[in-house]
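**Q** This structure is in structure tokens; I'll ask about it shortly.
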Amino acid sequence: MSPSNRSLRSIRVAVAALAASLALTACSGDDGGDSSDQEKDNLKGVTGTPERGKRLTFAMETEATSINPATVNIAFVNYTLLAYEPLIYRSSDGTLKPALAQEWEMGDGNTSMELELRDGVTFTDGSPVNAAAVKASLEYVRDGQGPNAHLLANVKSIEAEDDDSLTLRLSSPNPMLPEFLTQSYGVGQIISPAGVKAPGQLTADNPSQGAGAYVFDPKKSVPGDHYTYTANPDYYAKDERQHYDEVVIRVIGDQQARVNALATGQIDLATASPDTVDQATSAGAQIVWIPFVWQGLSLIDRDGEVSKPLGDVRVRQAINYAIDRKKITEALLGKYGVPTDTVVMEGGEGWSKEAADRYPYDVDKAKSLMKDAGYEKGFPLKVLSIRFAEIDTMAEAVAPYLAEIGIKAELDHLTDEQSYVQGATDKSYPAMSVGYGAQPMYLLGQGLFLPNAGIFNGFATERKELTDLYDKAAAASGDERDKLNQDMITYLTDEAWFAPVSFGPVLYASRDDLGGVAVSPKAPVATPLDWYNVAK
């Protein structure tokens, strides 16, 4: 079975998120659990009165895949969000705020959305941001071949009611649509009519064609090395999201080189890792971080097609009881890792303390379950892995614990993405070592556990009760949706479809007087439009 291009893109984003601490996928919607324990110092840097600065320079690990919002990969939206204003703005605490749309409302069981646009906003070419322009931009993104076009795939029609009003009608419920139309996903960043008509001009050779806080300046940029954005003089929200005369993104691929550049004042912010954070701290940097990417095993052969023992829920539960998550997390991630029994982080959708405490380390319990299932002597288990983003390291750490209950993990560490995707989808491996970014339940279902989830549900396991919960949650809101999300996570945890071990961090290091660097369970990726110089 040949992996599709979409599958390859999915795994590339998922494992890149772990390696580069980028949230691609990553973002969270309404909170389904108690996030009070997440209100910690690590979530927010310094605050104070913003003072306009001349230049902000921050580092990205990889050059821009595109500077066109319709074709940019989610992991690289920083290259587009500076210049293209979204319909809705997601703040660092996850709150959705007005941007080009001053009001919006979901209706009809999350199958329609009405938007009222802000008056008087123009694109950088002077043309108005009106309903016709927004309609054209959204349709261009939806109908294109970009990696995020599927986020708008169920938008069956867009109607411009008048100059300031639009109605989006959906073919199926989508509670995430307001979130998708923020700056975080690309698809909600609005392109001018001129840009839509001539998309070949939306490259690093030309100025950007949006209505954002900044304008991409090709004359001051060298693609692959640095990208320069100058302040848009006509931007409508200067006090809120335009704190500099110029913003520069530098491409610095090496983690150590990024920390060195921060220490010597060449940049103002960079992602860090547990290996380099002490050096950054010694150089006076402030550190902001949040647990974000879970690592562990996906027990994908839940019906026992290849490995009969995995078809027994008692065996899958035994695997979970057998793993000492605290010890592994401390060894691999130190204080920047969080042990986890579930695939959602505390404060995220579906989280509950009951599910989070489901599998305490208990070898005797694990052995008892193995005996009850008829596998007291154990069995061999082929485990797919990849030598990338520490996915192989996690597999190595888990294997000795499985051996304690008689399961001989036969680890196959592949070296390329395509082979990894192939192994995940051709039913040659009943289990796989994975890294997966925290997501809202609507996206988590599509990417991780629904029958069409692809590489992370390579056996296309389907359970009607789980699918029904998902469909009901997609059409619900408020407390009802929160409860349904928790029910889904409880099901996945009790049925032990996964054996998660740790949440690794998204970790930022910045100069000690850079304000507004903040993350939260609802918005785990910091955005440069929030950062500012603190007035002294």
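Residue names in the structure tokens use chain letters A, B, ... in the order shown, residue numbers from 1 in each chain, and ligand numbers from 1 in the order shown.
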If we count only C-alpha atoms, what is near A:Ala64 at a cut-off of 9 Å, once residues fewer than 4 positions away on the same chain are taken out, given as a ChimeraX atom specification?
**A** /A:60,72-73,76-79,223-224,227,251
**Q** Find the residues around A:Ala499 up to 7 Å (only C-alpha atoms counted), leave out those fewer than 2 positions away in its own chain, and share them as a list in words.
**A** Gly296, Leu297, Ser298, Asn320, Ala496 and Val501 of chain A
**Q** Just list as a PyMOL selection string whatever in stretch 197-283 of chain A DSSP marks as alpha helix (DSSP H).
**A** chain A and resi 197+238-241+255-263+277-282
**Q** Quick one: of A:Leu117, A:Ala131, A:Ala453, A:Leu87, who's nearest to A:Gly188, counting only C-alpha atoms?
**A**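 Among the listed residues, A:Leu87 lies closest to A:Gly188.
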**Q** Name all residues at most 6 Å from stretch 270-286 of chain A (count only C-alpha atoms; drop same-chain ones fewer than 2 positions away) and give them as a PyMOL selection string.
**A** chain A and resi 58-59+263+507-512
**Q** Selected residues, N, CA and C atoms, written as a PDB file, in the first residue's frame, please.
**A**
```pdb
ATOM      1  N   PHE A  58      13.598  36.984  15.660  1.00  0.00           N
ATOM      2  CA  PHE A  58      13.488  35.666  16.273  1.00  0.00           C
ATOM      3  C   PHE A  58      13.871  34.600  15.261  1.00  0.00           C
ATOM      4  N   ALA A  59      14.185  33.414  15.777  1.00  0.00           N
ATOM      5  CA  ALA A  59      14.716  32.348  14.926  1.00  0.00           C
ATOM      6  C   ALA A  59      13.671  31.271  14.661  1.00  0.00           C
ATOM      7  N   ALA A 263      22.189  34.281  23.186  1.00  0.00           N
ATOM      8  CA  ALA A 263      23.118  34.705  24.233  1.00  0.00           C
ATOM      9  C   ALA A 263      23.954  35.911  23.812  1.00  0.00           C
ATOM     10  N   LEU A 507       9.183  24.760  24.171  1.00  0.00           N
ATOM     11  CA  LEU A 507      10.031  25.501  25.090  1.00  0.00           C
ATOM     12  C   LEU A 507      10.650  26.706  24.381  1.00  0.00           C
ATOM     13  N   TYR A 508      10.393  27.900  24.914  1.00  0.00           N
ATOM     14  CA  TYR A 508      10.900  29.146  24.333  1.00  0.00           C
ATOM     15  C   TYR A 508      11.923  29.783  25.265  1.00  0.00           C
ATOM     16  N   ALA A 509      12.995  30.299  24.676  1.00  0.00           N
ATOM     17  CA  ALA A 509      13.985  31.083  25.413  1.00  0.00           C
ATOM     18  C   ALA A 509      14.056  32.456  24.753  1.00  0.00           C
ATOM     19  N   SER A 510      13.982  33.508  25.561  1.00  0.00           N
ATOM     20  CA  SER A 510      14.008  34.862  25.005  1.00  0.00           C
ATOM     21  C   SER A 510      14.787  35.792  25.925  1.00  0.00           C
ATOM     22  N   ARG A 511      15.126  36.961  25.410  1.00  0.00           N
ATOM     23  CA  ARG A 511      15.792  37.948  26.269  1.00  0.00           C
ATOM     24  C   ARG A 511      14.876  38.300  27.436  1.00  0.00           C
ATOM     25  N   ASP A 512      15.478  38.715  28.537  1.00  0.00           N
ATOM     26  CA  ASP A 512      14.729  38.820  29.781  1.00  0.00           C
ATOM     27  C   ASP A 512      13.781  40.010  29.857  1.00  0.00           C
TER      28      ASP A 512
END
```
**Q** Mind checking which residues fall within 6 Å of A:Ile267, counting only C-alpha atoms, ignoring those fewer than 4 positions away in the same chain, and posting them as JSON, numbers by chain?
**A** {"A": [57, 58, 261, 262]}
**Q** Dump C-alpha atoms for the selected residues as an mmCIF file, in the first residue's frame?
**A**
```cif
data_model
loop_
_atom_site.group_PDB
_atom_site.id
_atom_site.type_symbol
_atom_site.label_atom_id
_atom_site.label_comp_id
_atom_site.auth_asym_id
_atom_site.auth_seq_id
_atom_site.Cartn_x
_atom_site.Cartn_y
_atom_site.Cartn_z
ATOM 1 C CA THR A 57 14.346 39.272 15.557
ATOM 2 C CA PHE A 58 13.488 35.666 16.273
ATOM 3 C CA ALA A 261 22.623 33.699 18.847
ATOM 4 C CA LEU A 262 20.277 34.506 21.726
#
```
**Q** Give me the residues within 7 Å of A:Pro147 as number ranges by chain, counting only C-alpha atoms and dropping any in the same chain fewer than 2 places off.
**A** A: 71, 73, 145, 149
**Q** Can you write out the residues you just picked, keeping C-alpha atoms, as a CSV table (one decimal), in the first residue's frame?
**A**
```
chain,number,residue,atom,x,y,z
A,71,THR,CA,-0.1,26.8,0.8
A,73,ASN,CA,2.4,24.4,6.4
A,145,GLN,CA,-4.0,22.1,-3.1
A,149,ALA,CA,-7.3,23.1,2.5
```
**Q** If you run DSSP on the backbone, which residues of stretch 105-144 of chain A are strand (DSSP E), as a list in words?
**A**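 The strand (DSSP E) residues within stretch 105-144 of chain A come out as Glu105, Met106, Gly107, Ser112, Met113, Glu114, Leu115, Glu116 and Leu117 of chain A.
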**Q** Restricting it to C-alpha atoms, dump the selection as a PDB file, in the first residue's frame.
**A**
```pdb
ATOM      1  CA  GLU A 105     -21.791  33.061  15.568  1.00  0.00           C
ATOM      2  CA  MET A 106     -22.101  29.346  14.925  1.00  0.00           C
ATOM      3  CA  GLY A 107     -25.602  27.972  14.299  1.00  0.00           C
ATOM      4  CA  SER A 112     -23.376  27.341   9.707  1.00  0.00           C
ATOM      5  CA  MET A 113     -21.395  30.433  10.673  1.00  0.00           C
ATOM      6  CA  GLU A 114     -22.323  34.083  10.346  1.00  0.00           C
ATOM      7  CA  LEU A 115     -19.641  36.807  10.371  1.00  0.00           C
ATOM      8  CA  GLU A 116     -19.805  40.598  10.565  1.00  0.00           C
ATOM      9  CA  LEU A 117     -16.692  42.332   9.256  1.00  0.00           C
TER      10      LEU A 117
END
```
**Q** Can you tell me which residues surround stretch 456-471 of chain A at a distance of at most 10 Å, considering only C-alpha atoms, apart from same-chain residues fewer than 2 positions away, and format the answer as number ranges by chain?
**A** A: 7, 10-11, 172-174, 298-306, 421-432, 434, 436, 441-442, 445-454, 473-476, 481, 483-489, 491-492, 497
